[in-house]
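A.B. asks: input04.csv is reproduced in full below (CSV, C-alpha atoms).
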```
chain,number,residue,atom,x,y,z
A,205,MET,CA,-64.8,-4.3,95.9
A,206,GLY,CA,-64.7,-0.7,94.6
A,207,CYS,CA,-67.1,0.9,97.1
A,208,ASP,CA,-66.7,4.6,97.5
A,209,LYS,CA,-66.5,6.2,100.9
A,210,ASP,CA,-69.7,8.1,100.2
A,211,SER,CA,-71.7,5.0,99.3
A,212,GLY,CA,-72.5,4.1,102.9
A,213,ALA,CA,-70.4,0.9,102.7
A,214,SER,CA,-67.3,2.3,104.3
A,215,ASN,CA,-67.7,-0.1,107.3
A,216,ILE,CA,-67.0,-3.2,105.3
A,217,LYS,CA,-63.7,-4.7,106.4
A,218,ILE,CA,-63.4,-7.7,104.2
A,219,PRO,CA,-59.9,-7.9,102.7
A,220,VAL,CA,-59.9,-8.2,98.9
A,221,VAL,CA,-57.1,-8.8,96.5
A,222,MET,CA,-57.3,-8.3,92.7
A,223,ILE,CA,-55.3,-10.7,90.6
A,224,SER,CA,-55.0,-11.2,86.8
A,225,LYS,CA,-57.2,-13.6,84.9
A,226,SER,CA,-54.3,-15.8,84.0
A,227,ALA,CA,-53.3,-16.1,87.6
A,228,GLY,CA,-56.8,-16.9,88.6
A,229,GLU,CA,-57.0,-19.7,86.0
A,230,TYR,CA,-53.7,-21.1,87.3
A,231,LEU,CA,-55.0,-21.1,90.9
A,232,LYS,CA,-58.2,-23.0,89.8
A,233,GLU,CA,-56.1,-25.6,88.0
A,234,SER,CA,-53.9,-26.0,91.0
A,235,MET,CA,-56.8,-26.5,93.4
A,236,VAL,CA,-58.7,-29.0,91.3
A,237,GLY,CA,-56.7,-32.0,92.5
A,238,GLY,CA,-56.9,-31.0,96.1
A,239,GLN,CA,-53.4,-29.7,96.1
A,240,LYS,CA,-52.2,-27.3,98.8
A,241,VAL,CA,-51.8,-23.8,97.4
A,242,GLU,CA,-49.8,-21.1,99.1
A,243,ILE,CA,-50.0,-17.5,98.0
A,244,LYS,CA,-47.5,-14.8,98.7
A,245,LEU,CA,-48.6,-11.2,98.1
A,246,TYR,CA,-46.2,-8.5,97.0
A,247,ALA,CA,-46.4,-5.0,95.6
A,248,PRO,CA,-44.2,-4.7,92.5
A,249,THR,CA,-42.8,-1.3,91.5
A,250,ARG,CA,-44.1,0.0,88.2
A,251,PRO,CA,-41.4,1.4,85.9
A,252,VAL,CA,-41.5,5.1,85.2
A,253,VAL,CA,-41.5,4.5,81.4
A,254,ASP,CA,-42.4,1.3,79.6
A,255,PHE,CA,-40.5,0.8,76.3
A,256,SER,CA,-43.8,-0.2,74.7
A,257,VAL,CA,-44.7,3.5,74.7
A,258,VAL,CA,-41.7,4.1,72.5
A,259,PHE,CA,-42.8,1.3,70.2
A,260,LEU,CA,-46.3,2.7,70.0
A,261,TRP,CA,-44.9,6.1,69.3
A,262,LEU,CA,-42.8,4.7,66.4
A,263,MET,CA,-45.8,2.8,65.0
A,264,SER,CA,-48.0,5.9,65.0
A,265,VAL,CA,-45.5,8.3,63.5
A,266,GLY,CA,-44.4,5.6,61.0
A,267,THR,CA,-48.0,5.0,59.9
A,268,VAL,CA,-48.5,8.7,59.2
A,269,ILE,CA,-45.2,9.0,57.2
A,270,SER,CA,-45.9,5.7,55.3
A,271,ALA,CA,-49.4,6.7,54.4
A,272,THR,CA,-48.2,10.1,53.2
A,273,LEU,CA,-45.4,8.8,51.1
A,274,TRP,CA,-47.1,5.6,50.0
A,275,SER,CA,-48.2,6.7,46.6
A,276,GLU,CA,-44.8,8.0,45.8
A,277,PHE,CA,-43.0,4.9,47.0
A,278,THR,CA,-45.3,2.5,45.2
A,279,ALA,CA,-45.4,4.4,41.9
A,280,THR,CA,-43.5,2.5,39.1
A,281,GLU,CA,-41.3,4.2,36.6
A,282,GLU,CA,-43.5,3.0,33.7
A,283,SER,CA,-46.6,4.7,35.3
A,284,ASP,CA,-44.6,7.9,35.8
A,285,LYS,CA,-43.5,7.9,32.1
A,286,HIS,CA,-47.1,7.2,31.0
A,287,TYR,CA,-48.4,10.0,33.2
A,288,ASN,CA,-45.9,12.4,31.8
A,289,GLU,CA,-46.7,11.4,28.2
A,290,LEU,CA,-50.4,12.0,28.9
A,291,SER,CA,-49.7,15.4,30.5
A,292,SER,CA,-47.5,16.5,27.6
A,293,LYS,CA,-50.3,15.6,25.2
A,294,GLY,CA,-52.8,17.7,27.1
A,295,ASN,CA,-55.0,14.7,27.7
A,296,SER,CA,-56.5,15.9,31.0
A,297,SER,CA,-59.2,13.2,31.2
A,298,ALA,CA,-56.7,10.4,30.8
A,299,VAL,CA,-54.5,12.0,33.4
A,300,LYS,CA,-57.4,12.0,35.8
A,301,GLU,CA,-58.1,8.4,35.2
A,302,GLU,CA,-54.4,7.6,35.8
A,303,GLU,CA,-54.5,9.4,39.2
A,304,GLN,CA,-55.7,7.4,42.1
A,305,GLU,CA,-59.3,8.0,43.0
A,306,HIS,CA,-59.8,10.0,46.1
A,307,ILE,CA,-62.5,11.8,48.1
A,308,ASP,CA,-62.0,15.5,49.1
A,309,ILE,CA,-63.4,16.2,52.5
A,310,THR,CA,-65.6,19.3,52.8
A,311,ALA,CA,-66.3,21.6,55.8
A,312,LYS,CA,-69.9,20.3,56.1
A,313,SER,CA,-68.8,16.7,55.9
A,314,ALA,CA,-66.1,17.3,58.6
A,315,VAL,CA,-68.7,18.8,61.0
A,316,GLY,CA,-71.1,16.0,60.2
A,317,PHE,CA,-68.5,13.3,60.7
A,318,VAL,CA,-67.7,14.6,64.2
A,319,PHE,CA,-71.4,14.7,65.2
A,320,THR,CA,-71.9,11.2,63.8
A,321,ALA,CA,-68.9,10.0,65.7
A,322,SER,CA,-70.3,11.5,68.9
A,323,THR,CA,-73.7,9.8,68.4
A,324,PHE,CA,-72.0,6.5,67.7
A,325,LEU,CA,-69.9,6.9,70.9
A,326,VAL,CA,-73.0,7.5,73.0
A,327,LEU,CA,-74.7,4.5,71.5
A,328,LEU,CA,-71.7,2.4,72.3
A,329,TYR,CA,-71.7,3.7,75.9
A,330,PHE,CA,-75.3,2.9,76.5
A,331,PHE,CA,-75.8,-0.3,74.5
A,332,MET,CA,-72.4,-1.8,74.7
A,333,SER,CA,-72.7,-5.6,74.5
A,334,SER,CA,-70.9,-8.5,73.0
A,335,TRP,CA,-73.0,-8.5,69.8
A,336,PHE,CA,-72.3,-4.8,69.3
A,337,VAL,CA,-68.6,-5.3,69.7
A,338,TRP,CA,-68.8,-8.3,67.3
A,339,LEU,CA,-70.3,-6.0,64.7
A,340,LEU,CA,-67.4,-3.7,65.1
A,341,ILE,CA,-65.0,-6.6,64.9
A,342,ILE,CA,-66.5,-7.7,61.6
A,343,LEU,CA,-66.4,-4.2,60.2
A,344,PHE,CA,-62.8,-3.8,61.3
A,345,CYS,CA,-61.8,-7.0,59.7
A,346,LEU,CA,-63.5,-6.1,56.4
A,347,GLY,CA,-61.7,-2.8,56.4
A,348,GLY,CA,-58.5,-4.3,57.5
A,349,VAL,CA,-58.6,-7.0,54.8
A,350,GLN,CA,-59.3,-4.4,52.1
A,351,GLY,CA,-56.4,-2.2,53.4
A,352,MET,CA,-54.0,-5.1,53.6
A,353,HIS,CA,-55.0,-6.3,50.1
A,354,ASN,CA,-54.4,-2.8,48.7
A,355,CYS,CA,-51.0,-2.5,50.4
A,356,ILE,CA,-49.7,-5.9,49.3
A,357,VAL,CA,-51.0,-5.6,45.7
A,358,THR,CA,-49.5,-2.2,45.2
A,359,LEU,CA,-46.1,-3.4,46.6
A,360,ILE,CA,-46.2,-6.4,44.2
A,361,ALA,CA,-47.1,-4.2,41.3
A,362,ARG,CA,-44.2,-2.0,42.0
A,363,ARG,CA,-41.8,-4.9,41.8
A,364,CYS,CA,-43.5,-6.8,39.0
A,365,ARG,CA,-46.1,-5.0,36.9
A,366,ASP,CA,-46.7,-8.0,34.6
A,367,CYS,CA,-47.6,-10.3,37.5
A,368,VAL,CA,-50.6,-8.1,38.4
A,369,GLU,CA,-51.8,-7.9,34.8
A,370,LYS,CA,-52.3,-11.7,34.5
A,371,LYS,CA,-56.0,-12.4,34.9
A,372,VAL,CA,-58.5,-15.2,35.0
A,373,ASN,CA,-62.2,-15.4,34.3
A,374,LEU,CA,-64.4,-16.5,37.3
A,375,PRO,CA,-68.1,-17.3,37.2
A,376,LEU,CA,-69.3,-14.5,39.6
A,377,LEU,CA,-66.3,-12.1,39.7
A,378,GLY,CA,-65.6,-12.0,36.0
A,379,GLU,CA,-62.1,-11.1,34.9
A,380,THR,CA,-59.9,-10.9,38.0
A,381,SER,CA,-56.2,-10.6,38.6
A,382,ILE,CA,-54.7,-13.8,39.8
A,383,VAL,CA,-52.3,-12.1,42.2
A,384,SER,CA,-55.2,-10.0,43.6
A,385,LEU,CA,-57.3,-13.1,44.1
A,386,VAL,CA,-54.5,-15.0,45.9
A,387,VAL,CA,-53.7,-12.0,48.1
A,388,CYS,CA,-57.3,-11.5,49.0
A,389,CYS,CA,-57.6,-15.1,50.1
A,390,CYS,CA,-54.5,-14.8,52.2
A,391,CYS,CA,-55.8,-11.5,53.8
A,392,LEU,CA,-59.1,-13.2,54.6
A,393,ALA,CA,-57.3,-16.1,56.2
A,394,PHE,CA,-55.2,-13.7,58.3
A,395,ALA,CA,-58.3,-11.9,59.5
A,396,ILE,CA,-60.0,-15.1,60.4
A,397,VAL,CA,-57.0,-16.4,62.3
A,398,TRP,CA,-56.9,-13.1,64.2
A,399,ILE,CA,-60.6,-13.4,65.1
A,400,VAL,CA,-60.2,-16.9,66.4
A,401,ASN,CA,-57.1,-15.9,68.5
A,402,ARG,CA,-58.2,-12.4,69.4
A,403,ARG,CA,-58.2,-13.1,73.2
A,404,THR,CA,-54.6,-14.5,73.2
A,405,SER,CA,-51.7,-12.5,74.5
A,406,TYR,CA,-50.2,-12.1,71.0
A,407,SER,CA,-53.4,-11.0,69.3
A,408,TRP,CA,-52.3,-7.4,69.4
A,409,ILE,CA,-49.8,-8.1,66.6
A,410,GLY,CA,-52.6,-9.0,64.1
A,411,GLN,CA,-54.8,-6.2,65.3
A,412,ASP,CA,-52.0,-3.6,64.7
A,413,ILE,CA,-51.2,-5.0,61.3
A,414,LEU,CA,-54.8,-4.9,60.1
A,415,GLY,CA,-55.2,-1.4,61.7
A,416,ILE,CA,-52.1,0.1,60.1
A,417,CYS,CA,-53.1,-1.3,56.6
A,418,LEU,CA,-56.6,0.1,57.1
A,419,MET,CA,-55.3,3.6,58.0
A,420,ILE,CA,-52.8,3.7,55.2
A,421,THR,CA,-55.7,3.0,52.7
A,422,VAL,CA,-58.0,5.6,54.3
A,423,LEU,CA,-55.3,8.2,54.1
A,424,GLN,CA,-54.8,7.4,50.4
A,425,VAL,CA,-58.6,7.8,49.7
A,426,ALA,CA,-59.6,10.7,51.9
A,427,ARG,CA,-57.9,14.0,51.4
A,428,LEU,CA,-58.1,17.6,52.8
A,429,PRO,CA,-58.3,20.2,49.9
A,430,ASN,CA,-56.9,23.1,52.0
A,431,ILE,CA,-56.2,24.4,55.5
A,432,LYS,CA,-59.7,25.9,55.8
A,433,VAL,CA,-61.3,22.4,55.8
A,434,ALA,CA,-58.4,21.1,57.9
A,435,ALA,CA,-59.1,23.8,60.5
A,436,VAL,CA,-62.8,22.9,60.7
A,437,LEU,CA,-62.1,19.1,60.9
A,438,LEU,CA,-59.3,19.3,63.5
A,439,CYS,CA,-60.9,22.0,65.7
A,440,CYS,CA,-64.2,19.9,65.8
A,441,ALA,CA,-62.1,16.8,66.6
A,442,PHE,CA,-60.2,18.8,69.2
A,443,VAL,CA,-63.4,19.7,71.1
A,444,TYR,CA,-64.8,16.2,70.5
A,445,ASP,CA,-61.8,14.5,72.2
A,446,ILE,CA,-61.7,16.9,75.2
A,447,PHE,CA,-65.4,16.7,75.8
A,448,TRP,CA,-65.8,12.9,75.8
A,449,VAL,CA,-62.7,12.4,77.9
A,450,PHE,CA,-62.7,15.2,80.5
A,451,LEU,CA,-66.1,16.8,80.4
A,452,SER,CA,-68.4,13.9,79.9
A,453,PRO,CA,-68.2,12.7,83.5
A,454,ILE,CA,-70.2,15.9,84.4
A,455,ILE,CA,-73.2,14.4,82.5
A,456,PHE,CA,-72.6,10.7,82.5
A,457,HIS,CA,-70.7,10.4,85.9
A,458,GLN,CA,-67.7,8.8,84.1
A,459,SER,CA,-65.6,9.4,81.1
A,460,VAL,CA,-67.5,8.0,78.1
A,461,MET,CA,-64.4,7.7,75.9
A,462,ILE,CA,-62.4,5.8,78.5
A,463,ALA,CA,-65.3,3.5,79.3
A,464,VAL,CA,-65.8,2.6,75.6
A,465,ALA,CA,-62.1,2.1,75.1
A,466,ARG,CA,-61.9,-0.3,78.1
A,467,GLY,CA,-64.9,-2.2,76.7
A,468,ASP,CA,-67.1,-2.0,79.8
A,469,ASN,CA,-70.2,-4.2,79.6
A,470,SER,CA,-68.9,-5.8,76.5
A,471,GLY,CA,-68.7,-9.4,77.8
A,472,GLY,CA,-65.0,-9.5,77.8
A,473,GLU,CA,-64.6,-8.2,74.2
A,474,SER,CA,-62.6,-5.1,73.4
A,475,ILE,CA,-63.0,-2.4,70.8
A,476,PRO,CA,-60.6,-3.2,67.8
A,477,MET,CA,-60.4,0.3,66.4
A,478,LEU,CA,-57.1,1.2,68.1
A,479,LEU,CA,-53.4,0.2,68.1
A,480,ARG,CA,-52.2,-1.4,71.3
A,481,VAL,CA,-49.0,-2.7,72.6
A,482,PRO,CA,-48.6,-4.7,75.9
A,483,ARG,CA,-46.6,-3.2,78.7
A,484,PHE,CA,-43.8,-5.7,78.6
A,485,SER,CA,-41.8,-4.4,81.5
A,486,ASP,CA,-44.8,-3.5,83.7
A,487,PRO,CA,-45.5,-6.3,86.3
A,488,TRP,CA,-49.1,-5.1,86.5
A,489,GLY,CA,-49.6,-5.8,82.8
A,490,GLY,CA,-52.1,-4.0,80.6
A,491,TYR,CA,-51.7,-2.2,77.3
A,492,ASN,CA,-50.7,1.1,75.9
A,493,MET,CA,-53.2,2.2,73.3
A,494,ILE,CA,-53.9,4.9,70.7
A,495,GLY,CA,-57.1,5.3,68.8
A,496,PHE,CA,-57.3,5.4,65.0
A,497,GLY,CA,-58.6,9.0,65.1
A,498,ASP,CA,-55.4,10.2,66.8
A,499,ILE,CA,-53.5,9.0,63.7
A,500,LEU,CA,-56.1,9.7,61.0
A,501,PHE,CA,-57.0,13.3,61.8
A,502,PRO,CA,-53.5,14.7,62.0
A,503,GLY,CA,-52.4,12.3,59.2
A,504,LEU,CA,-54.9,14.0,56.8
A,505,LEU,CA,-53.2,17.3,57.5
A,506,VAL,CA,-49.7,15.9,57.1
A,507,SER,CA,-50.7,14.3,53.8
A,508,PHE,CA,-52.1,17.6,52.6
A,509,THR,CA,-48.8,19.5,53.4
A,510,ARG,CA,-46.9,16.9,51.4
A,511,ARG,CA,-49.1,17.5,48.4
A,512,TYR,CA,-48.9,21.2,48.8
A,513,ASP,CA,-45.1,21.0,49.0
A,514,LYS,CA,-45.0,19.0,45.8
A,515,ALA,CA,-47.3,21.4,44.0
A,516,ASN,CA,-45.2,24.4,45.0
A,517,LYS,CA,-41.9,22.6,44.5
A,518,LYS,CA,-40.9,22.9,48.2
A,519,SER,CA,-38.4,20.5,49.7
A,520,GLY,CA,-36.6,20.1,53.0
A,521,THR,CA,-37.0,22.7,55.7
A,522,ASN,CA,-38.6,25.1,53.1
A,523,GLY,CA,-41.7,22.9,53.0
A,524,TYR,CA,-44.3,22.1,55.6
A,525,PHE,CA,-44.3,18.3,55.6
A,526,PRO,CA,-41.1,17.7,57.7
A,527,TRP,CA,-42.1,20.3,60.3
A,528,LEU,CA,-45.6,18.7,60.7
A,529,VAL,CA,-44.1,15.2,61.1
A,530,ILE,CA,-41.9,16.6,63.9
A,531,GLY,CA,-44.9,18.4,65.4
A,532,TYR,CA,-46.9,15.2,65.3
A,533,GLY,CA,-44.2,13.2,67.0
A,534,PHE,CA,-43.7,16.0,69.6
A,535,GLY,CA,-47.5,16.1,70.2
A,536,LEU,CA,-47.5,12.3,70.9
A,537,PHE,CA,-44.6,12.8,73.3
A,538,LEU,CA,-46.7,15.4,75.2
A,539,THR,CA,-49.6,13.0,75.3
A,540,TYR,CA,-47.6,10.3,77.0
A,541,LEU,CA,-46.1,12.9,79.3
A,542,GLY,CA,-49.5,14.0,80.3
A,543,LEU,CA,-50.5,10.3,80.8
A,544,TYR,CA,-47.6,10.0,83.2
A,545,LEU,CA,-48.2,13.2,85.1
A,546,MET,CA,-51.9,12.3,85.6
A,547,ASP,CA,-51.1,8.9,87.0
A,548,GLY,CA,-52.3,6.9,84.0
A,549,HIS,CA,-55.6,8.7,83.4
A,550,GLY,CA,-56.6,8.5,79.8
A,551,GLN,CA,-55.6,11.5,77.8
A,552,PRO,CA,-57.4,13.2,74.8
A,553,ALA,CA,-54.4,12.9,72.4
A,554,LEU,CA,-55.9,15.5,70.0
A,555,LEU,CA,-55.5,18.1,72.8
A,556,TYR,CA,-51.8,18.0,72.2
A,557,LEU,CA,-51.7,16.8,68.5
A,558,VAL,CA,-53.9,19.6,67.0
A,559,PRO,CA,-51.8,22.5,68.3
A,560,CYS,CA,-48.6,20.7,67.3
A,561,THR,CA,-49.8,20.1,63.8
A,562,LEU,CA,-52.5,22.6,62.7
A,563,GLY,CA,-50.9,25.3,64.9
A,564,VAL,CA,-47.5,24.7,63.4
A,565,CYS,CA,-48.9,24.8,59.9
A,566,VAL,CA,-50.7,28.1,60.5
A,567,ILE,CA,-47.7,29.7,62.3
A,568,PHE,CA,-45.4,28.8,59.4
A,569,GLY,CA,-47.9,30.0,56.9
A,570,LEU,CA,-48.2,33.4,58.6
A,571,VAL,CA,-44.4,33.8,58.9
A,572,ARG,CA,-43.9,32.9,55.3
A,573,GLY,CA,-46.8,34.9,54.0
A,574,GLU,CA,-48.5,31.9,52.5
A,575,ILE,CA,-51.5,31.5,54.8
A,576,LYS,CA,-54.0,32.8,52.2
A,577,GLU,CA,-52.7,30.3,49.6
A,578,LEU,CA,-52.9,27.5,52.2
A,579,TRP,CA,-56.4,28.6,53.2
A,580,SER,CA,-57.9,28.5,49.7
A,581,PHE,CA,-55.6,26.0,48.0
A,582,ASP,CA,-57.2,24.2,45.1
A,583,PRO,CA,-55.5,20.9,44.2
A,584,GLU,CA,-57.4,20.6,40.9
A,585,SER,CA,-56.3,24.0,39.6
A,586,SER,CA,-52.8,23.3,40.9
A,587,SER,CA,-52.6,20.0,39.0
A,588,SER,CA,-54.0,21.4,35.9
A,589,SER,CA,-51.6,24.4,35.9
A,590,SER,CA,-48.7,22.1,36.4
A,591,SER,CA,-49.9,19.8,33.5
A,592,SER,CA,-50.3,22.8,31.2
A,593,SER,CA,-46.8,24.1,32.1
A,594,SER,CA,-45.4,20.7,31.4
A,595,ALA,CA,-47.2,20.5,28.1
A,596,THR,CA,-45.8,23.9,27.2
A,597,ARG,CA,-42.3,22.8,27.9
A,598,ASN,CA,-42.7,19.7,25.9
A,599,ALA,CA,-44.4,21.3,22.9
A,600,PRO,CA,-42.3,21.6,19.7
A,601,GLY,CA,-41.3,25.1,18.7
A,602,ASP,CA,-43.1,27.0,15.9
A,603,ALA,CA,-41.4,27.2,12.5
```
Could you take the file, read its structure, and then write that structure out as structure tokens?

C.D. replies:
Amino acid sequence: MGCDKDSGASNIKIPVVMISKSAGEYLKESMVGGQKVEIKLYAPTRPVVDFSVVFLWLMSVGTVISATLWSEFTATEESDKHYNELSSKGNSSAVKEEEQEHIDITAKSAVGFVFTASTFLVLLYFFMSSWFVWLLIILFCLGGVQGMHNCIVTLIARRCRDCVEKKVNLPLLGETSIVSLVVCCCCLAFAIVWIVNRRTSYSWIGQDILGICLMITVLQVARLPNIKVAAVLLCCAFVYDIFWVFLSPIIFHQSVMIAVARGDNSGGESIPMLLRVPRFSDPWGGYNMIGFGDILFPGLLVSFTRRYDKANKKSGTNGYFPWLVIGYGFGLFLTYLGLYLMDGHGQPALLYLVPCTLGVCVIFGLVRGEIKELWSFDPESSSSSSSSSSATRNAPGDA
């Protein structure tokens, strides 16, 4: 049906019509009883802009903002007072325990991650099958359940601290919070319901909820220590995205990234590691999608600028955070503009997002004369210096 002109099959004159799967099932049901079925063909006009793109844009930008401000939003007044008391007493070890555990990304791990992602992408391309996708679905659900559990529990703790502290002893789990246990069961049930209904027309809702919760949790745990590591990570991801979308057809005769995202040779299953929204106003149907990496990589940089602004007491337009949020939103706009100008051909979003986030941060740093501080920023020394200054302010005066 998709023979190329150079394949030697250009003399085939059999008319072929492609219809949706739902339309095909409806035709089969209609013809089972020997009923007469008439088909009228028409070519509907595709809208220039589907509003699902706007919804996907809002979800992506909202996820980055929510993940960046999550720890500030969910922090309770009691925990802030307790943190200040520990800081004023100079108890640095207790302060570190009070802070949320996180992992600082290094330059070596950034390069290694991109190479690992490339290897995994090639394996998916060559060995794509239903069992491989099922493995990804299970891993996605485990991560999504953990992310949803973390988000819900922190929200409950913000409203009712005492509720989370009520615990019960279980045979295998030991002392466990009752609220945490109930929330975990509900999240598991949600993931199971999504797996069962993953091929329905509304399954994108559950997939997006699990994905957003997973990304918020990842951005809470993984952190960029400075712009040097951010430049290494985002530049490697920039090359990674362009190569596997635009340059891989030179070697593999088709775009590896697009083939994996479509789920070719996956037995009808689709890769869950992306946000997707159906094209509601498009008569041809389909989905608008964005991969997790297009949110996580720039989101790490946006989160770093927020921490840098807080450490240096910058706010509003004097900081970096609001400008990078604007840059990220504008980069996504350029991505969808390129998608439209190239007649729907898949776009490497990081081609637009990296210059609009990392580029903006570097330019502002050069203009403000802060690029050296951004390049070698040490969050540990910054937090310790702020703690010591706070202790100095709170210390009683000498007689």

A.B. asks: For atom CA of A:Leu392 and atom CA of A:Val349, quote the distance in Å rounded to one decimal.

C.D. replies: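 So the answer is 6.2 Å.
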
A.B. asks: Rounded to one decimal in Å, what is the spacing between atom CA of A:Lys576 and atom CA of A:Leu528?

C.D. replies: 18.5 Å

A.B. asks: Residues within 9 Å of A:Met263, please, as a ChimeraX atom specification. Count only C-alpha atoms; anything in the same chain fewer than 5 positions from it doesn't count.

C.D. replies: /A:258,268,412,416,479

A.B. asks: For the point (-64.2, -7.2, 51.1) in the file's frame, write as a PDB file with C-alpha atoms, in the coordinates of the input all residues with an atom no more than 12 Å away, counting all atoms listed in the file.

C.D. replies:
```pdb
ATOM      1  CA  ILE A 342     -66.500  -7.700  61.600  1.00  0.00           C
ATOM      2  CA  LEU A 343     -66.400  -4.200  60.200  1.00  0.00           C
ATOM      3  CA  PHE A 344     -62.800  -3.800  61.300  1.00  0.00           C
ATOM      4  CA  CYS A 345     -61.800  -7.000  59.700  1.00  0.00           C
ATOM      5  CA  LEU A 346     -63.500  -6.100  56.400  1.00  0.00           C
ATOM      6  CA  GLY A 347     -61.700  -2.800  56.400  1.00  0.00           C
ATOM      7  CA  GLY A 348     -58.500  -4.300  57.500  1.00  0.00           C
ATOM      8  CA  VAL A 349     -58.600  -7.000  54.800  1.00  0.00           C
ATOM      9  CA  GLN A 350     -59.300  -4.400  52.100  1.00  0.00           C
ATOM     10  CA  GLY A 351     -56.400  -2.200  53.400  1.00  0.00           C
ATOM     11  CA  MET A 352     -54.000  -5.100  53.600  1.00  0.00           C
ATOM     12  CA  HIS A 353     -55.000  -6.300  50.100  1.00  0.00           C
ATOM     13  CA  ASN A 354     -54.400  -2.800  48.700  1.00  0.00           C
ATOM     14  CA  LEU A 385     -57.300 -13.100  44.100  1.00  0.00           C
ATOM     15  CA  VAL A 387     -53.700 -12.000  48.100  1.00  0.00           C
ATOM     16  CA  CYS A 388     -57.300 -11.500  49.000  1.00  0.00           C
ATOM     17  CA  CYS A 389     -57.600 -15.100  50.100  1.00  0.00           C
ATOM     18  CA  CYS A 391     -55.800 -11.500  53.800  1.00  0.00           C
ATOM     19  CA  LEU A 392     -59.100 -13.200  54.600  1.00  0.00           C
ATOM     20  CA  ALA A 395     -58.300 -11.900  59.500  1.00  0.00           C
TER      21      ALA A 395
END
```

A.B. asks: Nearest residue to A:Leu543 out of A:Gly563, A:Ile499, A:Val257, A:Val397, using only C-alpha atoms?

C.D. replies: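 For A:Leu543, the nearest of the candidates is A:Val257.
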
A.B. asks: Looking at A:Pro248, A:Gly503, A:Gly569, A:Gly495, which one is nearest to A:Ala426, with distances taken over all atoms listed in the file?

C.D. replies: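 The answer is A:Gly503, which sits nearest to A:Ala426.
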
A.B. asks: Pull the neighbourhood of (-50.3, 20.2, 49.0) for me: all residues within 9 Å in file coordinates, counting all atoms listed in the file, as a list of chain:residue names.

C.D. replies: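 Residues with an atom at most 9 Å from (-50.3, 20.2, 49.0): A:Pro429, A:Asn430, A:Ser507, A:Phe508, A:Thr509, A:Arg510, A:Arg511, A:Tyr512, A:Asp513, A:Lys514, A:Ala515, A:Asn516, A:Leu578, A:Phe581, A:Asp582, A:Pro583.
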
A.B. asks: From the list A:Val460, A:Ile382, A:Val481, A:Ala553, which residue is nearest A:Phe537 when using only C-alpha atoms?

C.D. replies: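 Using only C-alpha atoms, A:Phe537 sits closest to A:Ala553.
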
A.B. asks: For a test of reading the model, state the distance in Å between atom CA of A:Cys417 and atom CA of A:Gly497, rounded to one decimal.

C.D. replies: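 Spanning atom CA of A:Cys417 to atom CA of A:Gly497 is a straight-line distance of 14.4 Å.
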
A.B. asks: Restricting the calculation to all atoms listed in the file, which member of A:Ala227, A:Val464, A:Leu414, A:Ile455 is positioned closest to A:Phe330?

C.D. replies: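 Closest candidate: A:Val464.
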
A.B. asks: Taking 3 positions as the minimum chain separation for residues in the same chain, which residues sit within 7 Å of A:Cys560 when counting only C-alpha atoms? Answer as a list in words.

C.D. replies: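 Result of the neighbour search: Gly531, Tyr532, Gly535, Tyr556, Leu557, Gly563 and Val564 of chain A.
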
A.B. asks: Neighbours of A:Lys370 within 8 Å (all atoms listed in the file; same-chain residues fewer than 3 positions away dropped), as a PDB file with C-alpha atoms, in the frame of the given file?

C.D. replies:
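See selection-v5.pdb below for the written result:
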```pdb
ATOM      1  CA  ASP A 366     -46.700  -8.000  34.600  1.00  0.00           C
ATOM      2  CA  CYS A 367     -47.600 -10.300  37.500  1.00  0.00           C
ATOM      3  CA  SER A 381     -56.200 -10.600  38.600  1.00  0.00           C
ATOM      4  CA  ILE A 382     -54.700 -13.800  39.800  1.00  0.00           C
ATOM      5  CA  VAL A 383     -52.300 -12.100  42.200  1.00  0.00           C
TER       6      VAL A 383
END
```

A.B. asks: May I have the residues within 12 Å of A:Val221 as a PyMOL selection string, using only C-alpha atoms and disregarding those fewer than 2 positions away in the same chain?

C.D. replies: chain A and resi 205-206+218-219+223-224+228+243-247

A.B. asks: Just C-alpha atoms for this one: save the residues we selected as an mmCIF file, keeping the file's coordinate frame.

C.D. replies:
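The result, stored in selection19.cif:
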```cif
data_model
loop_
_atom_site.group_PDB
_atom_site.id
_atom_site.type_symbol
_atom_site.label_atom_id
_atom_site.label_comp_id
_atom_site.auth_asym_id
_atom_site.auth_seq_id
_atom_site.Cartn_x
_atom_site.Cartn_y
_atom_site.Cartn_z
ATOM 1 C CA MET A 205 -64.800 -4.300 95.900
ATOM 2 C CA GLY A 206 -64.700 -0.700 94.600
ATOM 3 C CA ILE A 218 -63.400 -7.700 104.200
ATOM 4 C CA PRO A 219 -59.900 -7.900 102.700
ATOM 5 C CA ILE A 223 -55.300 -10.700 90.600
ATOM 6 C CA SER A 224 -55.000 -11.200 86.800
ATOM 7 C CA GLY A 228 -56.800 -16.900 88.600
ATOM 8 C CA ILE A 243 -50.000 -17.500 98.000
ATOM 9 C CA LYS A 244 -47.500 -14.800 98.700
ATOM 10 C CA LEU A 245 -48.600 -11.200 98.100
ATOM 11 C CA TYR A 246 -46.200 -8.500 97.000
ATOM 12 C CA ALA A 247 -46.400 -5.000 95.600
#
```

A.B. asks: Nearest to A:Trp408: which of A:Arg363, A:His306, A:Arg480, A:Lys312 is it, counting all atoms listed in the file?

C.D. replies: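 Between A:Arg363, A:His306, A:Arg480, A:Lys312, the residue approaching A:Trp408 most closely is A:Arg480.
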